[in-house]
Amino acid sequence: MTAIRNGVPWYDTDGEVVNAHGVGVVAHDGRFYLFGEFKTDDRNVFAGFSCYSSTELAGWTFEGLALPPQVDGLLGPDRVGERPKVLRSPVTGEFVLYAHADDLAYADPHIIVATSASVTGPYVIVGPLMFEGRALRRWDMGTFEDDDGTAYLLTHEGDIFRLSDDRLTIDEQVAAAVAPGGESPAMFRSGGAYWLLVSNKTSWERNDNLVLSAPSPSGPWTPRGLLAPEGTLTHNSQCSFVLRLADGRHIYLGDRWSFPRQASAATQVWLPLNVDGGVAALPEYLEAWTIDREETFRPVRTRTDVGFRASREGEHVEVAFTGDGVEVVGRSAPDCSYGLIEVLRDAPRDDVPPGEVIVLSQIVDWYSLVPQRGTRWVSPPLPAGDYRIRISATGERPEWRKKDGTRFGPTGSLVDVETIVTR
Ligand code: DGJ
């Protein structure tokens, strides 16, 4: 079974980076369908909601843009589209997609509703989600479907709305402001209780996310502390969705944002949720795991200690390897930023001029507010052969700000490579 590899770019079955962020997942007809923000590497402008499918929550197949950029309207040009979530209506059989739509200043929030007869789309926007005769003006959102089929829309600050059976409107607001200051809401039910996960508001930066619980979606909601060990910033991630597996286990799906190079370098953190003793938690970070718990990792073939640290554009290290895959291990930290990884092979000897062929190149983010030693990149499968891997500093030092002007981003542009591994 293909492993879920946290904190590294994933490659789909076409060898392209899985580009899905702020995700939601739907199980349908024996497959998982992943919906996410299809990002770019420069601007925070809506570029579509992507759809991927898989049978094992890894090894994703790109199904296309479930909802592409629109020619006008709430997801038209120069708009923001975030956190797509899909539910299926029990009465119409339609698949219904919800997402946060906004202007570039996040000053025009709406929740859009779009429908499709097919789970992979194309989804057609039917309009803004209405509440009490007016468009619901909310930013971050999530969805939750209860065991009895009742579905809810969750929003920042902890507002919870019960959705109609056709999933196109709101029947009732069942809770208000149960998580003040919280965003990126996710909910699940386990152990006779309902659990709400929210992050604090730190823009694209990570923080220690919070847990609340209640006997019903309408409450009363009780704060239960932090989701992950304090100071790990939820293992350098922000909650997005909780997926319930058929065997009753719950999987935390989180984002490890990487502004501005979100398409290339923003990664996923997916972890099994522990819910016992009345506590929902992510006690430990797993670099790699599989949902059937079968360890399927091939043994390490070579491990080359490198000890490379550089921050100026173009400074690089090269390591030759033979095999069909390669991994880069290093330490992320606040003074780190983007690195360029290239896999090269020598051009045919009779080439004129002799040279090298770049087999693949990938921007990878070494930034994290909380330092974390681990695997920074895993190559997609390569044809067995002789290669060189080249890792270069880019010298970039991005920054971004919250509405109140708070600055975020790395304090340097270091790239740190400890080891190159082949299996
Ligand atoms: C935090 C939110 O959770 C994200 O969805 C996104 O809106 C960023 N803020 C933008 O800074």
# chains A, B, ... in the order shown; residues from 1 in each chain; ligands from 1
$ residues_around --residues "Ser190 (chain A)" --least-positions-apart "2" --cutoff "9 Å" --atoms "only C-alpha atoms" --output "list in words"
Phe188, Gly192, Ala193, Tyr194, Trp195, Gly248, Arg249, His250, Val275 and Ala280 of chain A
$ residues_near_ligand --ligand "ligand 1" --cutoff "7 Å" --atoms "only C-alpha atoms and all ligand atoms" --output "list in words"
Gly22, Glu82, Arg83, Asp140, Glu183, Ser184, Lys201, Thr202, Ser203, Trp204 and Lys402 of chain A
$ write_last_selection --atoms "C-alpha atoms" --output "PDB file, in the first residue's frame"
ATOM      1  CA  GLY A  22      -7.580  23.529   2.285  1.00  0.00           C
ATOM      2  CA  GLU A  82     -10.738  28.625  -0.500  1.00  0.00           C
ATOM      3  CA  ARG A  83     -11.535  25.481   1.461  1.00  0.00           C
ATOM      4  CA  ASP A 140     -13.197  30.159   6.658  1.00  0.00           C
ATOM      5  CA  GLU A 183     -10.807  29.537  11.874  1.00  0.00           C
ATOM      6  CA  SER A 184     -10.343  26.591   9.463  1.00  0.00           C
ATOM      7  CA  LYS A 201      -5.650  33.310  13.133  1.00  0.00           C
ATOM      8  CA  THR A 202      -2.069  33.611  11.872  1.00  0.00           C
ATOM      9  CA  SER A 203      -2.652  33.943   8.116  1.00  0.00           C
ATOM     10  CA  TRP A 204      -0.554  31.287   6.257  1.00  0.00           C
ATOM     11  CA  LYS A 402      -2.103  39.779   8.341  1.00  0.00           C
TER      12      LYS A 402
END
$ residues_around --residues "Gly330 (chain A)" --least-positions-apart "6" --cutoff "10 Å" --atoms "only C-alpha atoms" --output "list in words"
Val306, Gly307, Phe308, Arg309, Trp366, Gln372, Arg373, Gly374, Thr375, Arg376, Trp377, Val415, Asp416, Val417, Glu418, Thr419 and Ile420 of chain A
$ write_last_selection --atoms "all heavy atoms" --output "short mmCIF file (atom, residue, chain, number, x, y, z; two decimals), in the first residue's frame"
data_model
loop_
_atom_site.label_atom_id
_atom_site.label_comp_id
_atom_site.auth_asym_id
_atom_site.auth_seq_id
_atom_site.Cartn_x
_atom_site.Cartn_y
_atom_site.Cartn_z
N VAL A 306 25.66 14.52 3.96
CA VAL A 306 26.04 15.65 3.11
C VAL A 306 26.49 16.85 3.93
O VAL A 306 27.52 17.46 3.68
CB VAL A 306 24.83 16.03 2.21
CG1 VAL A 306 25.11 17.29 1.39
CG2 VAL A 306 24.48 14.87 1.31
N GLY A 307 25.70 17.26 4.90
CA GLY A 307 26.07 18.40 5.73
C GLY A 307 26.16 19.70 4.98
O GLY A 307 27.08 20.51 5.18
N PHE A 308 25.20 19.92 4.05
CA PHE A 308 25.21 21.14 3.22
C PHE A 308 24.30 22.18 3.83
O PHE A 308 23.14 21.91 4.13
CB PHE A 308 24.72 20.78 1.81
CG PHE A 308 24.48 21.97 0.90
CD1 PHE A 308 25.55 22.71 0.41
CD2 PHE A 308 23.20 22.35 0.54
CE1 PHE A 308 25.33 23.80 -0.44
CE2 PHE A 308 22.96 23.43 -0.28
CZ PHE A 308 24.04 24.17 -0.79
N ARG A 309 24.79 23.41 4.04
CA ARG A 309 23.97 24.54 4.48
C ARG A 309 24.42 25.75 3.70
O ARG A 309 25.60 26.06 3.66
CB ARG A 309 24.17 24.80 6.00
CG ARG A 309 23.55 23.76 6.89
CD ARG A 309 24.03 23.86 8.34
NE ARG A 309 23.79 25.17 8.96
CZ ARG A 309 22.62 25.51 9.52
NH1 ARG A 309 21.62 24.67 9.51
NH2 ARG A 309 22.46 26.69 10.06
N TRP A 366 12.07 24.91 3.07
CA TRP A 366 12.76 24.53 4.29
C TRP A 366 12.33 25.39 5.47
O TRP A 366 12.88 25.26 6.55
CB TRP A 366 14.27 24.68 4.11
CG TRP A 366 15.02 23.43 3.77
CD1 TRP A 366 15.72 22.63 4.64
CD2 TRP A 366 15.17 22.81 2.49
NE1 TRP A 366 16.29 21.58 3.98
CE2 TRP A 366 15.97 21.65 2.65
CE3 TRP A 366 14.70 23.11 1.20
CZ2 TRP A 366 16.32 20.80 1.59
CZ3 TRP A 366 15.04 22.27 0.15
CH2 TRP A 366 15.83 21.13 0.34
N GLN A 372 12.23 21.48 12.54
CA GLN A 372 11.81 20.07 12.42
C GLN A 372 12.80 19.35 11.53
O GLN A 372 12.97 19.70 10.36
CB GLN A 372 10.39 20.01 11.83
CG GLN A 372 9.74 18.64 11.95
CD GLN A 372 9.57 17.95 10.62
OE1 GLN A 372 9.74 18.54 9.56
NE2 GLN A 372 9.25 16.66 10.68
N ARG A 373 13.48 18.39 12.10
CA ARG A 373 14.44 17.58 11.34
C ARG A 373 13.67 16.44 10.69
O ARG A 373 12.88 15.77 11.36
CB ARG A 373 15.53 17.03 12.28
CG ARG A 373 16.53 16.11 11.63
CD ARG A 373 17.74 15.86 12.51
NE ARG A 373 18.66 17.02 12.46
CZ ARG A 373 18.85 17.84 13.49
NH1 ARG A 373 18.17 17.67 14.60
NH2 ARG A 373 19.70 18.84 13.38
N GLY A 374 13.86 16.24 9.39
CA GLY A 374 13.12 15.14 8.76
C GLY A 374 13.27 15.16 7.26
O GLY A 374 14.10 15.87 6.70
N THR A 375 12.41 14.39 6.61
CA THR A 375 12.45 14.27 5.16
C THR A 375 11.79 15.49 4.54
O THR A 375 10.66 15.81 4.87
CB THR A 375 11.72 12.99 4.70
OG1 THR A 375 12.32 11.87 5.35
CG2 THR A 375 11.80 12.81 3.19
N ARG A 376 12.54 16.17 3.70
CA ARG A 376 12.06 17.40 3.06
C ARG A 376 11.50 17.12 1.67
O ARG A 376 10.69 17.91 1.15
CB ARG A 376 13.19 18.43 2.95
CG ARG A 376 13.82 18.77 4.29
CD ARG A 376 13.19 20.00 4.96
NE ARG A 376 11.89 19.83 5.51
CZ ARG A 376 11.65 19.40 6.77
NH1 ARG A 376 12.64 19.05 7.54
NH2 ARG A 376 10.43 19.30 7.23
N TRP A 377 11.95 16.02 1.05
CA TRP A 377 11.48 15.73 -0.31
C TRP A 377 11.66 14.26 -0.62
O TRP A 377 12.65 13.64 -0.21
CB TRP A 377 12.27 16.58 -1.33
CG TRP A 377 11.81 16.40 -2.74
CD1 TRP A 377 10.62 16.81 -3.29
CD2 TRP A 377 12.53 15.74 -3.81
NE1 TRP A 377 10.56 16.45 -4.62
CE2 TRP A 377 11.73 15.80 -4.97
CE3 TRP A 377 13.77 15.14 -3.90
CZ2 TRP A 377 12.13 15.27 -6.18
CZ3 TRP A 377 14.18 14.61 -5.10
CH2 TRP A 377 13.34 14.68 -6.24
N VAL A 415 19.13 26.77 3.28
CA VAL A 415 18.73 25.41 2.91
C VAL A 415 19.66 24.46 3.65
O VAL A 415 20.88 24.69 3.67
CB VAL A 415 18.86 25.20 1.38
CG1 VAL A 415 18.72 23.72 1.02
CG2 VAL A 415 17.81 26.02 0.63
N ASP A 416 19.10 23.45 4.31
CA ASP A 416 19.92 22.57 5.16
C ASP A 416 19.71 21.12 4.71
O ASP A 416 18.61 20.60 4.78
CB ASP A 416 19.44 22.74 6.60
CG ASP A 416 20.13 21.79 7.57
OD1 ASP A 416 20.06 20.56 7.34
OD2 ASP A 416 20.73 22.26 8.55
N VAL A 417 20.77 20.52 4.19
CA VAL A 417 20.67 19.13 3.72
C VAL A 417 21.60 18.27 4.56
O VAL A 417 22.82 18.46 4.53
CB VAL A 417 21.05 19.01 2.23
CG1 VAL A 417 20.93 17.55 1.76
CG2 VAL A 417 20.20 19.93 1.37
N GLU A 418 21.04 17.35 5.30
CA GLU A 418 21.86 16.47 6.14
C GLU A 418 22.25 15.20 5.38
O GLU A 418 23.41 14.79 5.37
CB GLU A 418 21.09 16.10 7.41
CG GLU A 418 20.89 17.25 8.36
CD GLU A 418 20.10 16.81 9.60
OE1 GLU A 418 19.67 15.64 9.65
OE2 GLU A 418 19.91 17.65 10.49
N THR A 419 21.24 14.58 4.73
CA THR A 419 21.46 13.26 4.17
C THR A 419 20.69 13.09 2.86
O THR A 419 19.60 13.64 2.71
CB THR A 419 20.94 12.17 5.16
OG1 THR A 419 21.49 12.43 6.45
CG2 THR A 419 21.32 10.78 4.71
N ILE A 420 21.27 12.33 1.95
CA ILE A 420 20.56 11.90 0.74
C ILE A 420 20.36 10.39 0.86
O ILE A 420 21.32 9.66 1.16
CB ILE A 420 21.38 12.21 -0.52
CG1 ILE A 420 21.65 13.71 -0.64
CG2 ILE A 420 20.68 11.67 -1.77
CD1 ILE A 420 20.44 14.56 -0.84
#
$ select_by_dssp --residues "region 157-344 of chain A" --states "strand (DSSP E or B)" --output "MDAnalysis selection string"
chainID A and resid 159:163 170:175 183:190 193:199 210:214 222:226 238:244 250:256 267:272 274:276 279:281 288:289 302:310 316:323 327:333 336 338:344
$ residues_around --residues "region 161-168 of chain A" --least-positions-apart "2" --cutoff "6 Å" --atoms "only C-alpha atoms" --output "PyMOL selection string"
chain A and resi 89+91+151-153+170-174
$ select_by_dssp --residues "region 169-318 of chain A" --states "helix (DSSP H, G or I)" --output "list in words"
Leu233, Thr234, His235, Asn236, Gln262, Ala263, Ser264 and Ala265 of chain A
$ write_last_selection --atoms "C-alpha atoms" --output "PDB file, in the first residue's frame"
ATOM      1  CA  LEU A 233       2.124  24.392  16.016  1.00  0.00           C
ATOM      2  CA  THR A 234      -0.032  21.332  15.371  1.00  0.00           C
ATOM      3  CA  HIS A 235       3.024  19.591  13.952  1.00  0.00           C
ATOM      4  CA  ASN A 236       3.588  22.613  11.672  1.00  0.00           C
ATOM      5  CA  GLN A 262       1.883  27.217  -2.616  1.00  0.00           C
ATOM      6  CA  ALA A 263       1.547  25.148  -5.793  1.00  0.00           C
ATOM      7  CA  SER A 264       5.071  23.733  -5.544  1.00  0.00           C
ATOM      8  CA  ALA A 265       5.880  23.775  -1.879  1.00  0.00           C
TER       9      ALA A 265
END
$ residues_around --residues "region 311-318 of chain A" --least-positions-apart "2" --cutoff "12 Å" --atoms "only C-alpha atoms" --output "PyMOL selection string"
chain A and resi 304-309+320-321+328+335-345+366+387-397+410-420
$ residues_around --residues "Arg43 (chain A)" --least-positions-apart "6" --cutoff "12 Å" --atoms "only C-alpha atoms" --output "list in words"
Asp78, Arg79, Val80, Leu104, Phe259, Pro260, Arg261, Gln262, Ala263 and Trp400 of chain A
$ write_last_selection --atoms "N, CA, C and O atoms" --output "PDB file, in the first residue's frame"
ATOM      1  N   ASP A  78      -9.573  37.804 -10.405  1.00  0.00           N
ATOM      2  CA  ASP A  78      -9.079  38.537  -9.234  1.00  0.00           C
ATOM      3  C   ASP A  78      -9.943  38.316  -7.998  1.00  0.00           C
ATOM      4  O   ASP A  78     -10.245  39.244  -7.250  1.00  0.00           O
ATOM      5  N   ARG A  79     -10.345  37.069  -7.822  1.00  0.00           N
ATOM      6  CA  ARG A  79     -11.075  36.691  -6.611  1.00  0.00           C
ATOM      7  C   ARG A  79     -10.275  35.604  -5.886  1.00  0.00           C
ATOM      8  O   ARG A  79      -9.297  35.061  -6.420  1.00  0.00           O
ATOM      9  N   VAL A  80     -10.693  35.311  -4.659  1.00  0.00           N
ATOM     10  CA  VAL A  80     -10.089  34.253  -3.834  1.00  0.00           C
ATOM     11  C   VAL A  80     -11.108  33.128  -3.699  1.00  0.00           C
ATOM     12  O   VAL A  80     -12.314  33.413  -3.595  1.00  0.00           O
ATOM     13  N   LEU A 104      -9.640  40.027  -3.158  1.00  0.00           N
ATOM     14  CA  LEU A 104      -8.236  39.794  -2.801  1.00  0.00           C
ATOM     15  C   LEU A 104      -7.875  40.380  -1.442  1.00  0.00           C
ATOM     16  O   LEU A 104      -6.865  39.992  -0.860  1.00  0.00           O
ATOM     17  N   PHE A 259       3.503  30.095   1.559  1.00  0.00           N
ATOM     18  CA  PHE A 259       3.265  31.300   0.748  1.00  0.00           C
ATOM     19  C   PHE A 259       4.608  31.912   0.329  1.00  0.00           C
ATOM     20  O   PHE A 259       5.529  31.980   1.134  1.00  0.00           O
ATOM     21  N   PRO A 260       4.754  32.361  -0.946  1.00  0.00           N
ATOM     22  CA  PRO A 260       3.759  32.370  -2.021  1.00  0.00           C
ATOM     23  C   PRO A 260       3.776  31.123  -2.904  1.00  0.00           C
ATOM     24  O   PRO A 260       2.857  30.925  -3.696  1.00  0.00           O
ATOM     25  N   ARG A 261       4.801  30.251  -2.757  1.00  0.00           N
ATOM     26  CA  ARG A 261       4.958  29.134  -3.691  1.00  0.00           C
ATOM     27  C   ARG A 261       4.101  27.946  -3.259  1.00  0.00           C
ATOM     28  O   ARG A 261       4.594  26.838  -3.052  1.00  0.00           O
ATOM     29  N   GLN A 262       2.787  28.234  -3.150  1.00  0.00           N
ATOM     30  CA  GLN A 262       1.883  27.217  -2.616  1.00  0.00           C
ATOM     31  C   GLN A 262       1.753  26.015  -3.551  1.00  0.00           C
ATOM     32  O   GLN A 262       1.638  24.885  -3.098  1.00  0.00           O
ATOM     33  N   ALA A 263       1.753  26.268  -4.850  1.00  0.00           N
ATOM     34  CA  ALA A 263       1.547  25.148  -5.793  1.00  0.00           C
ATOM     35  C   ALA A 263       2.671  24.131  -5.678  1.00  0.00           C
ATOM     36  O   ALA A 263       2.451  22.925  -5.674  1.00  0.00           O
ATOM     37  N   TRP A 400       4.737  37.707   4.353  1.00  0.00           N
ATOM     38  CA  TRP A 400       3.347  38.059   4.155  1.00  0.00           C
ATOM     39  C   TRP A 400       2.836  38.691   5.436  1.00  0.00           C
ATOM     40  O   TRP A 400       3.518  38.585   6.480  1.00  0.00           O
TER      41      TRP A 400
END
$ closest_residue --among "A:Gly7, A:Pro283, A:Gly73, A:Gly182" --to "Leu212 (chain A)" --atoms "only C-alpha atoms"
A:Gly182
$ closest_residue --among "A:Thr302, A:Ser258, A:Asn274, A:Thr267" --to "Arg5 (chain A)" --atoms "only C-alpha atoms"
A:Thr267
$ residues_around --residues "Leu74 (chain A)" --least-positions-apart "4" --cutoff "12 Å" --atoms "only C-alpha atoms" --output "PyMOL selection string"
chain A and resi 46+69-70+78-82+99-104+108-114+125-129+135
$ write_last_selection --atoms "C-alpha atoms" --output "PDB file, in the first residue's frame"
ATOM      1  CA  PHE A  46      -8.489  31.624  -7.431  1.00  0.00           C
ATOM      2  CA  PRO A  69     -11.953  29.816 -12.618  1.00  0.00           C
ATOM      3  CA  GLN A  70     -15.179  31.592 -13.629  1.00  0.00           C
ATOM      4  CA  ASP A  78      -9.079  38.537  -9.234  1.00  0.00           C
ATOM      5  CA  ARG A  79     -11.075  36.691  -6.611  1.00  0.00           C
ATOM      6  CA  VAL A  80     -10.089  34.253  -3.834  1.00  0.00           C
ATOM      7  CA  GLY A  81     -11.530  30.751  -3.540  1.00  0.00           C
ATOM      8  CA  GLU A  82     -10.738  28.625  -0.500  1.00  0.00           C
ATOM      9  CA  ALA A  99     -16.272  27.138  -0.646  1.00  0.00           C
ATOM     10  CA  HIS A 100     -15.245  30.495   0.705  1.00  0.00           C
ATOM     11  CA  ALA A 101     -15.227  33.136  -2.088  1.00  0.00           C
ATOM     12  CA  ASP A 102     -13.817  36.607  -1.536  1.00  0.00           C
ATOM     13  CA  ASP A 103     -12.012  39.576  -3.036  1.00  0.00           C
ATOM     14  CA  LEU A 104      -8.236  39.794  -2.801  1.00  0.00           C
ATOM     15  CA  ASP A 108     -16.202  40.481   0.411  1.00  0.00           C
ATOM     16  CA  PRO A 109     -16.690  37.019   1.942  1.00  0.00           C
ATOM     17  CA  HIS A 110     -19.379  34.669   0.664  1.00  0.00           C
ATOM     18  CA  ILE A 111     -19.933  30.918   0.767  1.00  0.00           C
ATOM     19  CA  ILE A 112     -20.636  29.651  -2.751  1.00  0.00           C
ATOM     20  CA  VAL A 113     -22.798  26.591  -3.492  1.00  0.00           C
ATOM     21  CA  ALA A 114     -22.129  24.556  -6.651  1.00  0.00           C
ATOM     22  CA  ILE A 125     -22.256  27.528  -9.123  1.00  0.00           C
ATOM     23  CA  VAL A 126     -25.938  27.933  -8.159  1.00  0.00           C
ATOM     24  CA  GLY A 127     -25.252  31.016  -6.036  1.00  0.00           C
ATOM     25  CA  PRO A 128     -24.200  32.221  -2.595  1.00  0.00           C
ATOM     26  CA  LEU A 129     -25.367  30.208   0.409  1.00  0.00           C
ATOM     27  CA  ALA A 135     -26.032  35.785   1.643  1.00  0.00           C
TER      28      ALA A 135
END
